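What follows is the content of protein_13.cif, which has mmCIF, C-alpha atoms:
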```cif
data_query
loop_
_atom_site.label_atom_id
_atom_site.label_comp_id
_atom_site.auth_asym_id
_atom_site.auth_seq_id
_atom_site.Cartn_x
_atom_site.Cartn_y
_atom_site.Cartn_z
CA MET A 1 18.07 -18.21 8.01
CA VAL A 2 18.07 -19.37 11.64
CA LEU A 3 20.32 -22.34 10.89
CA LEU A 4 22.64 -20.33 8.68
CA SER A 5 22.98 -17.52 11.22
CA ALA A 6 23.52 -20.02 14.04
CA ALA A 7 26.13 -21.87 12.01
CA ALA A 8 27.91 -18.62 11.16
CA VAL A 9 27.93 -17.48 14.80
CA ALA A 10 29.00 -20.93 15.99
CA LEU A 11 31.90 -20.93 13.53
CA ALA A 12 32.95 -17.44 14.61
CA VAL A 13 32.66 -18.24 18.34
CA VAL A 14 34.51 -21.56 18.01
CA LEU A 15 37.23 -19.95 15.92
CA ALA A 16 37.58 -17.10 18.44
CA SER A 17 37.66 -19.60 21.33
CA VAL A 18 40.38 -21.67 19.65
CA ILE A 19 42.43 -18.56 19.00
CA VAL A 20 42.01 -17.38 22.62
CA PHE A 21 42.94 -20.83 23.93
CA PHE A 22 46.16 -21.05 21.96
CA VAL A 23 47.11 -17.44 22.70
CA VAL A 24 46.69 -18.01 26.46
CA ARG A 25 48.44 -21.38 26.22
CA GLY A 26 51.37 -19.72 24.47
CA GLU A 27 51.55 -16.98 27.12
CA LEU A 28 51.45 -19.43 30.04
CA ARG A 29 53.99 -21.80 28.56
CA GLY A 30 56.14 -18.82 27.59
CA GLN A 31 56.22 -17.76 31.24
CA VAL A 32 57.28 -21.29 32.23
CA ASP A 33 60.04 -21.21 29.62
CA ASP A 34 61.28 -17.87 31.00
CA GLU A 35 61.31 -19.30 34.53
CA LEU A 36 63.34 -22.29 33.31
CA ARG A 37 65.89 -19.97 31.71
CA ASN A 38 66.13 -18.01 34.98
CA LEU A 39 66.53 -21.28 36.85
CA VAL A 40 69.49 -22.20 34.67
CA ASP A 41 71.04 -18.78 35.24
CA ASP A 42 70.83 -19.34 39.00
CA ILE A 43 72.83 -22.59 38.90
CA VAL A 44 76.42 -22.21 40.21
CA LEU A 45 78.94 -24.88 39.22
CA PRO A 46 82.65 -25.11 40.03
CA SER A 47 85.07 -25.46 37.15
CA ASP A 48 85.99 -28.95 38.36
CA LEU A 49 82.84 -30.95 38.91
CA PRO A 50 82.90 -33.53 41.72
CA SER A 51 81.16 -36.84 41.35
CA GLY A 52 78.43 -36.04 43.89
CA GLY A 53 75.57 -33.56 44.07
CA VAL A 54 77.00 -30.06 44.14
CA LEU A 55 74.12 -28.00 42.76
CA ALA A 56 73.44 -24.81 44.69
CA LEU A 57 69.67 -25.45 44.53
CA SER A 58 67.37 -26.48 47.35
CA PRO A 59 65.75 -29.84 46.42
CA GLU A 60 62.06 -29.09 47.00
CA PRO A 61 59.52 -31.87 46.29
CA PHE A 62 59.02 -32.13 42.56
CA GLY A 63 55.56 -31.01 41.48
CA SER A 64 55.67 -27.75 43.45
CA SER A 65 55.96 -24.36 41.82
CA ALA A 66 59.72 -24.40 42.32
CA GLY A 67 61.80 -25.84 39.51
CA TYR A 68 64.25 -28.70 39.49
CA ALA A 69 67.54 -29.14 37.68
CA GLN A 70 70.13 -31.81 37.06
CA ILE A 71 73.50 -31.94 35.29
CA VAL A 72 74.21 -34.38 32.46
CA GLN A 73 77.76 -34.91 31.32
CA ALA A 74 78.65 -35.96 27.79
CA ASN A 75 79.45 -39.49 28.98
CA GLY A 76 75.94 -39.85 30.43
CA THR A 77 76.79 -39.18 34.08
CA VAL A 78 73.91 -37.45 35.88
CA ILE A 79 74.54 -35.06 38.80
CA ARG A 80 71.40 -34.30 40.86
CA PRO A 81 70.78 -32.08 43.87
CA ARG A 82 71.61 -33.74 47.12
CA GLY A 83 68.73 -35.93 48.31
CA ALA A 84 66.74 -35.69 45.06
CA GLU A 85 64.96 -38.78 43.78
CA VAL A 86 63.65 -37.30 40.54
CA SER A 87 64.52 -39.06 37.32
CA VAL A 88 64.42 -36.79 34.28
CA PRO A 89 64.46 -38.76 31.00
CA ILE A 90 67.79 -38.52 29.17
CA SER A 91 67.85 -38.95 25.44
CA ARG A 92 70.57 -39.07 22.79
CA ARG A 93 69.80 -35.46 22.01
CA THR A 94 70.56 -34.53 25.64
CA LEU A 95 74.04 -36.08 25.34
CA GLU A 96 74.64 -34.30 22.07
CA VAL A 97 73.78 -30.95 23.75
CA ALA A 98 76.27 -31.78 26.53
CA ALA A 99 78.92 -32.51 23.90
CA GLY A 100 78.16 -29.23 22.15
CA GLN A 101 76.81 -30.93 19.04
CA LYS A 102 73.19 -29.73 19.34
CA PRO A 103 71.61 -26.43 20.42
CA ALA A 104 69.44 -25.95 23.48
CA TYR A 105 65.82 -27.08 23.27
CA PHE A 106 62.53 -27.30 25.15
CA THR A 107 60.41 -30.43 25.39
CA ASP A 108 57.43 -31.80 27.31
CA GLU A 109 58.14 -34.90 29.36
CA SER A 110 56.46 -37.06 32.00
CA VAL A 111 58.70 -36.83 35.06
CA ASN A 112 57.77 -39.14 37.93
CA GLY A 113 54.26 -39.25 36.50
CA VAL A 114 54.00 -35.45 36.35
CA HIS A 115 53.56 -33.50 33.13
CA ALA A 116 56.59 -31.22 33.05
CA ARG A 117 58.43 -28.77 30.85
CA VAL A 118 62.13 -29.55 30.34
CA PHE A 119 64.75 -27.06 29.16
CA THR A 120 68.03 -28.62 28.07
CA THR A 121 71.03 -26.36 27.43
CA ARG A 122 74.85 -26.46 27.65
CA LEU A 123 76.82 -24.65 30.33
CA PRO A 124 80.24 -23.13 29.76
CA VAL A 125 81.94 -25.82 31.81
CA GLY A 126 81.11 -28.39 29.15
CA VAL A 127 78.03 -30.10 30.57
CA ALA A 128 74.30 -30.03 29.86
CA VAL A 129 71.78 -28.88 32.38
CA GLN A 130 68.17 -30.00 32.37
CA ALA A 131 65.87 -27.49 34.06
CA VAL A 132 62.44 -28.89 34.81
CA ARG A 133 59.24 -27.24 35.94
CA PRO A 134 55.89 -28.99 36.44
CA LEU A 135 52.99 -27.88 34.23
CA ASN A 136 50.26 -28.73 36.74
CA GLU A 137 49.14 -25.13 37.22
CA VAL A 138 49.35 -24.38 33.50
CA ASP A 139 47.38 -27.49 32.60
CA ARG A 140 44.80 -26.68 35.30
CA SER A 141 44.44 -23.13 34.03
CA LEU A 142 44.15 -24.29 30.41
CA ARG A 143 41.61 -26.92 31.38
CA ASN A 144 39.47 -24.34 33.18
CA LEU A 145 39.86 -21.97 30.22
CA ALA A 146 38.78 -24.70 27.77
CA ILE A 147 35.68 -25.45 29.85
CA THR A 148 34.85 -21.75 30.06
CA LEU A 149 35.33 -21.23 26.32
CA ALA A 150 33.22 -24.31 25.56
CA LEU A 151 30.40 -22.98 27.74
CA VAL A 152 30.72 -19.54 26.13
CA SER A 153 30.62 -21.14 22.68
CA LEU A 154 27.52 -23.17 23.52
CA GLY A 155 25.86 -20.11 25.05
CA GLY A 156 26.80 -18.03 22.01
CA VAL A 157 25.34 -20.60 19.63
CA ALA A 158 22.14 -20.86 21.68
CA LEU A 159 21.86 -17.07 21.82
CA ALA A 160 22.51 -16.88 18.07
CA VAL A 161 19.71 -19.40 17.42
CA TRP A 162 17.29 -17.43 19.59
CA LEU A 163 18.25 -14.05 18.15
CA GLY A 164 18.36 -15.48 14.62
CA ARG A 165 14.86 -16.83 15.01
CA ALA A 166 13.62 -13.49 16.34
CA VAL A 167 15.37 -11.56 13.58
CA ALA A 168 14.18 -14.00 10.91
CA ARG A 169 10.59 -13.71 12.09
CA THR A 170 10.81 -9.92 12.02
CA ALA A 171 12.70 -9.72 8.74
CA LEU A 172 10.58 -12.31 6.95
CA SER A 173 7.22 -11.16 8.28
CA PRO A 174 6.52 -9.38 4.95
CA VAL A 175 7.07 -12.71 3.18
CA SER A 176 4.61 -14.39 5.55
CA GLN A 177 2.11 -11.59 4.93
CA LEU A 178 2.69 -11.91 1.20
CA THR A 179 2.09 -15.65 1.38
CA GLU A 180 -1.09 -15.18 3.42
CA ALA A 181 -2.32 -12.48 1.05
CA ALA A 182 -1.63 -14.64 -2.00
CA GLU A 183 -3.40 -17.62 -0.40
CA HIS A 184 -6.32 -15.37 0.58
CA VAL A 185 -6.66 -14.04 -2.98
CA THR A 186 -6.39 -17.56 -4.40
CA ARG A 187 -9.00 -18.88 -1.99
CA THR A 188 -11.53 -16.02 -2.04
CA ARG A 189 -10.76 -14.15 -5.31
CA ASP A 190 -10.88 -11.01 -3.15
CA LEU A 191 -8.47 -8.43 -4.59
CA SER A 192 -9.06 -5.84 -1.85
CA ARG A 193 -6.39 -7.38 0.44
CA ARG A 194 -3.32 -5.17 0.90
CA MET A 195 0.03 -5.54 2.65
CA GLU A 196 1.64 -3.06 5.00
CA SER A 197 4.77 -1.80 3.30
CA HIS A 198 7.25 0.55 4.98
CA GLY A 199 10.81 1.42 4.04
CA ASP A 200 12.69 0.84 0.81
CA ASP A 201 14.40 -2.52 1.36
CA GLU A 202 13.84 -5.48 -0.93
CA LEU A 203 10.98 -7.00 1.08
CA SER A 204 9.21 -3.64 1.42
CA ARG A 205 9.56 -3.08 -2.31
CA LEU A 206 8.20 -6.59 -2.88
CA GLY A 207 5.19 -5.78 -0.71
CA ALA A 208 4.62 -2.48 -2.53
CA SER A 209 4.88 -4.26 -5.89
CA PHE A 210 2.40 -6.88 -4.71
CA ASN A 211 -0.03 -4.13 -3.62
CA THR A 212 0.37 -2.42 -6.98
CA MET A 213 -0.29 -5.70 -8.76
CA LEU A 214 -3.42 -6.31 -6.69
CA GLU A 215 -4.63 -2.77 -7.38
CA ALA A 216 -4.07 -3.25 -11.11
CA LEU A 217 -5.89 -6.58 -11.05
CA ASP A 218 -8.72 -5.08 -9.01
CA GLU A 219 -9.05 -2.15 -11.41
CA SER A 220 -8.98 -4.54 -14.37
CA GLN A 221 -11.62 -6.73 -12.78
CA GLN A 222 -13.82 -3.74 -11.97
CA ALA A 223 -13.37 -2.45 -15.50
CA GLN A 224 -14.37 -5.83 -16.92
CA ARG A 225 -17.45 -5.97 -14.72
CA GLN A 226 -18.39 -2.42 -15.65
CA LEU A 227 -17.87 -3.21 -19.32
CA VAL A 228 -20.15 -6.23 -19.05
CA VAL A 229 -22.81 -4.18 -17.24
CA ASP A 230 -22.59 -1.30 -19.71
CA ALA A 231 -22.53 -3.63 -22.69
CA SER A 232 -25.56 -5.50 -21.38
CA HIS A 233 -27.40 -2.22 -20.96
CA GLU A 234 -26.45 -1.00 -24.43
CA LEU A 235 -27.30 -4.31 -26.07
CA ARG A 236 -30.68 -4.54 -24.39
CA THR A 237 -32.19 -1.60 -26.31
CA PRO A 238 -31.29 -2.66 -29.89
CA LEU A 239 -32.13 -6.30 -29.13
CA THR A 240 -35.54 -5.31 -27.74
CA SER A 241 -36.25 -3.11 -30.75
CA LEU A 242 -35.02 -5.80 -33.13
CA ARG A 243 -37.21 -8.41 -31.47
CA THR A 244 -40.22 -6.14 -31.68
CA ASN A 245 -39.68 -5.52 -35.39
CA VAL A 246 -39.14 -9.22 -36.06
CA GLU A 247 -42.37 -10.06 -34.23
CA VAL A 248 -44.20 -7.46 -36.32
CA LEU A 249 -42.69 -8.92 -39.48
CA ALA A 250 -43.91 -12.34 -38.35
CA GLY A 251 -47.44 -11.02 -38.82
CA ALA A 252 -46.65 -9.37 -42.15
CA GLU A 253 -50.01 -10.48 -43.70
CA SER A 254 -51.69 -7.47 -42.13
CA LEU A 255 -49.01 -5.02 -43.29
CA SER A 256 -48.77 -3.16 -46.51
CA ALA A 257 -45.79 -3.65 -48.79
CA GLU A 258 -44.44 -0.22 -47.87
CA ASP A 259 -44.68 -1.00 -44.14
CA ARG A 260 -42.91 -4.29 -44.67
CA ARG A 261 -40.12 -2.60 -46.62
CA ARG A 262 -39.74 0.03 -43.89
CA LEU A 263 -39.60 -2.65 -41.20
CA VAL A 264 -37.02 -4.61 -43.14
CA ARG A 265 -34.91 -1.46 -43.48
CA ASP A 266 -35.22 -0.87 -39.76
CA VAL A 267 -34.25 -4.44 -38.97
CA VAL A 268 -31.22 -4.24 -41.28
CA GLY A 269 -30.20 -0.91 -39.77
CA GLN A 270 -30.55 -2.26 -36.25
CA LEU A 271 -28.50 -5.32 -37.18
CA GLU A 272 -25.80 -3.05 -38.56
CA GLU A 273 -25.82 -0.99 -35.36
CA LEU A 274 -25.68 -4.17 -33.31
CA THR A 275 -22.80 -5.50 -35.42
CA GLU A 276 -20.93 -2.22 -35.02
CA LEU A 277 -21.51 -2.26 -31.24
CA ILE A 278 -20.26 -5.83 -30.93
CA THR A 279 -17.22 -5.01 -33.09
CA ASP A 280 -16.42 -2.04 -30.86
CA LEU A 281 -16.81 -4.17 -27.75
CA VAL A 282 -14.47 -6.82 -29.13
CA ASP A 283 -11.91 -4.18 -30.11
CA LEU A 284 -12.17 -2.55 -26.70
CA ALA A 285 -11.75 -5.88 -24.93
CA ARG A 286 -8.78 -6.89 -27.08
CA GLY A 287 -7.19 -3.47 -27.02
CA ALA A 288 -5.72 -3.96 -23.54
CA GLU A 289 -3.96 -7.16 -24.57
CA PRO A 290 -0.20 -6.88 -25.15
CA ASP A 291 0.68 -6.76 -28.81
CA LEU A 292 4.15 -7.59 -30.05
CA GLY A 293 3.49 -6.23 -33.54
CA ILE A 294 4.83 -2.76 -32.75
CA GLU A 295 6.80 -1.23 -35.60
CA ASP A 296 7.78 2.08 -37.13
CA VAL A 297 4.75 3.67 -38.82
CA ARG A 298 4.56 6.73 -41.06
CA LEU A 299 1.79 8.59 -39.28
CA ASP A 300 1.23 11.03 -42.16
CA VAL A 301 0.74 8.19 -44.64
CA LEU A 302 -1.58 6.26 -42.31
CA ALA A 303 -3.69 9.36 -41.64
CA SER A 304 -3.96 10.16 -45.37
CA GLU A 305 -5.23 6.65 -46.13
CA ALA A 306 -7.74 6.88 -43.27
CA VAL A 307 -8.99 10.23 -44.66
CA GLU A 308 -9.58 8.65 -48.06
CA ARG A 309 -11.75 5.95 -46.52
CA ALA A 310 -13.62 8.47 -44.39
CA GLY A 311 -14.34 10.52 -47.49
CA ARG A 312 -15.96 7.50 -49.14
CA HIS A 313 -18.06 6.77 -46.05
CA ALA A 314 -19.18 10.39 -45.66
CA PRO A 315 -19.37 11.80 -49.21
CA ASP A 316 -21.32 14.85 -48.02
CA LYS A 317 -18.34 16.02 -45.94
CA ARG A 318 -15.12 17.61 -47.14
CA PHE A 319 -11.83 16.44 -45.65
CA THR A 320 -8.61 18.46 -45.87
CA VAL A 321 -5.21 17.13 -44.83
CA THR A 322 -2.11 19.07 -43.81
CA ALA A 323 0.61 16.56 -43.08
CA GLU A 324 4.31 16.57 -42.42
CA PRO A 325 6.34 13.34 -42.58
CA CYS A 326 6.68 11.84 -39.10
CA LEU A 327 7.47 8.40 -37.75
CA VAL A 328 5.93 6.77 -34.66
CA ARG A 329 6.19 3.37 -32.97
CA SER A 330 2.82 1.63 -32.87
CA VAL A 331 0.69 -1.31 -33.92
CA PRO A 332 -0.51 -0.21 -37.39
CA ALA A 333 -3.99 -1.81 -37.17
CA LYS A 334 -4.78 -0.30 -33.77
CA LEU A 335 -3.47 3.13 -34.71
CA ASP A 336 -5.48 3.05 -37.95
CA ARG A 337 -8.63 2.21 -35.99
CA ALA A 338 -8.03 5.11 -33.58
CA VAL A 339 -7.49 7.63 -36.39
CA SER A 340 -10.56 6.32 -38.25
CA ASN A 341 -12.67 6.74 -35.11
CA LEU A 342 -11.54 10.36 -34.80
CA LEU A 343 -12.52 11.01 -38.42
CA ASP A 344 -15.88 9.25 -38.04
CA ASN A 345 -16.64 11.30 -34.92
CA ALA A 346 -15.78 14.54 -36.74
CA ALA A 347 -17.89 13.57 -39.76
CA LYS A 348 -20.85 12.74 -37.48
CA TRP A 349 -20.80 16.18 -35.90
CA SER A 350 -20.05 18.19 -39.03
CA PRO A 351 -23.05 19.66 -40.85
CA PRO A 352 -23.80 18.53 -44.43
CA GLY A 353 -21.19 20.09 -46.70
CA GLY A 354 -19.01 20.88 -43.70
CA THR A 355 -15.26 20.59 -43.64
CA VAL A 356 -13.15 18.32 -41.44
CA GLU A 357 -9.60 19.57 -41.04
CA VAL A 358 -6.85 17.02 -40.37
CA THR A 359 -3.34 18.10 -39.33
CA VAL A 360 -0.42 15.69 -38.87
CA ARG A 361 2.95 16.76 -37.47
CA ASP A 362 5.46 15.71 -34.78
CA GLY A 363 3.64 12.49 -33.91
CA GLU A 364 0.25 14.19 -33.47
CA VAL A 365 -3.00 13.86 -35.40
CA ALA A 366 -5.39 16.78 -34.84
CA VAL A 367 -8.93 16.45 -36.22
CA ARG A 368 -11.22 19.49 -36.21
CA ASP A 369 -14.87 19.69 -37.18
CA HIS A 370 -17.12 22.72 -37.62
CA GLY A 371 -20.05 21.35 -35.70
CA PRO A 372 -21.67 22.64 -32.50
CA GLY A 373 -18.58 21.89 -30.40
CA ILE A 374 -18.36 20.14 -27.03
CA ALA A 375 -20.20 21.39 -23.98
CA GLU A 376 -18.00 22.21 -21.00
CA GLY A 377 -19.80 19.62 -18.88
CA ASP A 378 -19.09 16.88 -21.43
CA LEU A 379 -15.37 17.52 -21.97
CA PRO A 380 -14.12 15.38 -19.02
CA PHE A 381 -16.24 12.37 -20.04
CA ILE A 382 -16.26 12.11 -23.83
CA PHE A 383 -13.54 9.41 -23.80
CA ASP A 384 -15.38 7.22 -21.26
CA ARG A 385 -16.99 3.99 -22.36
CA PHE A 386 -20.61 4.30 -23.47
CA TYR A 387 -20.69 7.99 -22.59
CA ARG A 388 -22.89 9.96 -24.94
CA ALA A 389 -23.45 13.67 -24.67
CA ARG A 390 -26.99 14.89 -24.43
CA ALA A 391 -26.78 16.30 -27.96
CA ALA A 392 -25.49 12.96 -29.30
CA ARG A 393 -28.27 10.72 -28.03
CA GLY A 394 -30.27 11.13 -31.21
CA LEU A 395 -27.27 10.31 -33.43
CA PRO A 396 -26.03 6.86 -34.42
CA GLY A 397 -23.15 5.37 -32.47
CA SER A 398 -22.38 3.22 -29.47
CA GLY A 399 -20.32 5.61 -27.36
CA LEU A 400 -17.24 3.39 -27.70
CA GLY A 401 -15.37 5.01 -30.57
CA LEU A 402 -13.54 7.65 -28.54
CA ALA A 403 -12.96 5.18 -25.68
CA ILE A 404 -11.07 3.02 -28.18
CA VAL A 405 -9.04 6.08 -29.21
CA ARG A 406 -7.99 6.72 -25.62
CA GLN A 407 -7.15 3.08 -25.05
CA VAL A 408 -4.93 2.98 -28.15
CA ALA A 409 -3.19 6.18 -27.06
CA GLU A 410 -2.47 4.85 -23.58
CA LEU A 411 -1.21 1.52 -24.90
CA HIS A 412 1.33 3.37 -27.03
CA GLY A 413 2.41 5.71 -24.25
CA GLY A 414 0.57 8.66 -25.80
CA SER A 415 -2.48 10.74 -25.00
CA VAL A 416 -5.66 12.13 -26.51
CA VAL A 417 -7.38 15.39 -25.56
CA ALA A 418 -10.49 17.22 -26.68
CA GLU A 419 -10.93 20.97 -26.82
CA THR A 420 -13.21 23.60 -28.24
CA ALA A 421 -11.76 25.11 -31.40
CA GLU A 422 -11.64 28.80 -32.07
CA GLY A 423 -14.45 29.88 -34.33
CA GLY A 424 -16.63 26.91 -33.31
CA GLY A 425 -16.45 23.17 -33.56
CA ALA A 426 -14.27 20.70 -31.67
CA ARG A 427 -10.66 19.64 -32.04
CA LEU A 428 -9.39 16.23 -30.89
CA ARG A 429 -5.64 15.65 -30.66
CA LEU A 430 -4.10 12.17 -30.67
CA ARG A 431 -0.47 12.35 -29.57
CA LEU A 432 2.03 9.48 -29.88
CA PRO A 433 5.74 9.51 -29.01
CA PRO A 434 7.94 9.93 -32.11
CA ALA A 435 10.00 6.91 -33.03
CA ASP A 436 13.23 8.34 -31.58
CA GLU A 437 11.54 9.11 -28.22
CA ALA A 438 9.89 5.71 -28.12
#
```

Take the structure from the file and write it as structure tokens.
Amino acid sequence: MVLLSAAAVALAVVLASVIVFFVVRGELRGQVDDELRNLVDDIVLPSDLPSGGVLALSPEPFGSSAGYAQIVQANGTVIRPRGAEVSVPISRRTLEVAAGQKPAYFTDESVNGVHARVFTTRLPVGVAVQAVRPLNEVDRSLRNLAITLALVSLGGVALAVWLGRAVARTALSPVSQLTEAAEHVTRTRDLSRRMESHGDDELSRLGASFNTMLEALDESQQAQRQLVVDASHELRTPLTSLRTNVEVLAGAESLSAEDRRRLVRDVVGQLEELTELITDLVDLARGAEPDLGIEDVRLDVLASEAVERAGRHAPDKRFTVTAEPCLVRSVPAKLDRAVSNLLDNAAKWSPPGGTVEVTVRDGEVAVRDHGPGIAEGDLPFIFDRFYRARAARGLPGSGLGLAIVRQVAELHGGSVVAETAEGGGARLRLRLPPADEA
């Protein structure tokens, strides 16, 4: 940025200097040309030219500010002021002007070693006059102007480099902070580093996006750590119980057949609970992964199939379905798991012979049970991982089913809420955007 800004300023300054130089040069030389025309107008010639110097012009030393003039006839005869020793170059074009064959013209010549401006024109008496004026002052002024413009250009480029470096440091400081933050995170794995972000320009937005990314990574890392801690805690109890039962079975010689059968049933039940817990953990861990298998799904059909399976798993419960055709965008397997978890939760809380009511319409699945309902203190936490209400601690389950439901809802841009139903029981609503909204 410094080099580019300096190059741009240098180009602009040099271009401006060149323009100024040629404009001033044109003005100064234009003044000289006007003076030469005036000089010609001041020349008085008789109608019959003598052979000697007859010019009514004082012959000052050539090189002064005063001009000089001489007459050139068509035959090449030169008439100079009396006492003048200046020799102005005469060309073929000069003779042609004297003969009336060419128009008047200006030219630069070296006269007696002096850079001069020469104006050649034809007078009415049929001769050419060459008016000459030295360009010493003009050349001196242009030389001083060129030096001044060169110094200004160099100063402008140096100032542009200094200002460009200062501006670049200020403008690119967010990039430097971003680089340092990225290197710090790479080196220390510390995701608590944040960048200062002010304004709404591109670099500020980049800094804000980087902070958002770090926050998301930090939250994900914290969630993973918490999941590992919670999973370890939840796995410890069934593993300890399972180990105890296996150790008891190892000494089965002292047990009766009935005790052995009971222990085997306990071990099998604990293995099933452990398998279910591990399955839920795997689903929860994989649920946050992006899935490209999103498609249009008939929510009413999917819910009806899930109700049929739930009815086979809980034959002592009665399931009723009220469904209207509706289409949502989702991953079928994940959505089916979420709906099944809602049904399993309702069946767990419903009393034997109780009814579970399922309603499907407008992209929403509402599942209501007729159990004891949800305590007010538990409502904000029932979708948290491993959270189990006080009344649920004696019931089977890992506390992950409803957490999976919330995760599936959020992944699809939907939501899930729990509420106490009128007349008792709980109602859980899983809402997904309809296909046209999605």

Would you mind reading off the distance between atom CA of Gln221 of chain A and atom CA of Asp336 of chain A, one decimal, in Å?
27.7 Å

From atom CA of Ala150 of chain A to atom CA of Val114 of chain A the spacing works out at 25.9 Å

Mind running segment 127-172 of chain A against segment 96-107 of chain A at 12 Å and telling me each contacting residue's nearest atom pair with the distance in Å (one decimal), counting all atoms listed in the file, chain and number ascending, as a tab-separated table?
```
residue	atom	partner	partner_atom	distance
A:Val127	CA	A:Ala98	CA	4.7
A:Ala128	CA	A:Ala98	CA	4.2
A:Val129	CA	A:Ala98	CA	7.9
A:Gln130	CA	A:Phe106	CA	9.6
A:Ala131	CA	A:Phe106	CA	9.5
A:Val132	CA	A:Thr107	CA	9.8
A:Arg133	CA	A:Thr107	CA	11.1
A:Leu135	CA	A:Thr107	CA	11.8
```

Closest of A:Arg385, A:Leu271, A:Pro434, A:Ala409 to Glu295 of chain A - atom-to-atom distances counting all atoms listed in the file
A:Pro434

For the structure provided, state which residues fall under the PyMOL selection byres ((chain A and resi 155-160) around 8), and present them as a ChimeraX atom specification.
/A:5-7,9-10,13,151-154,161-164
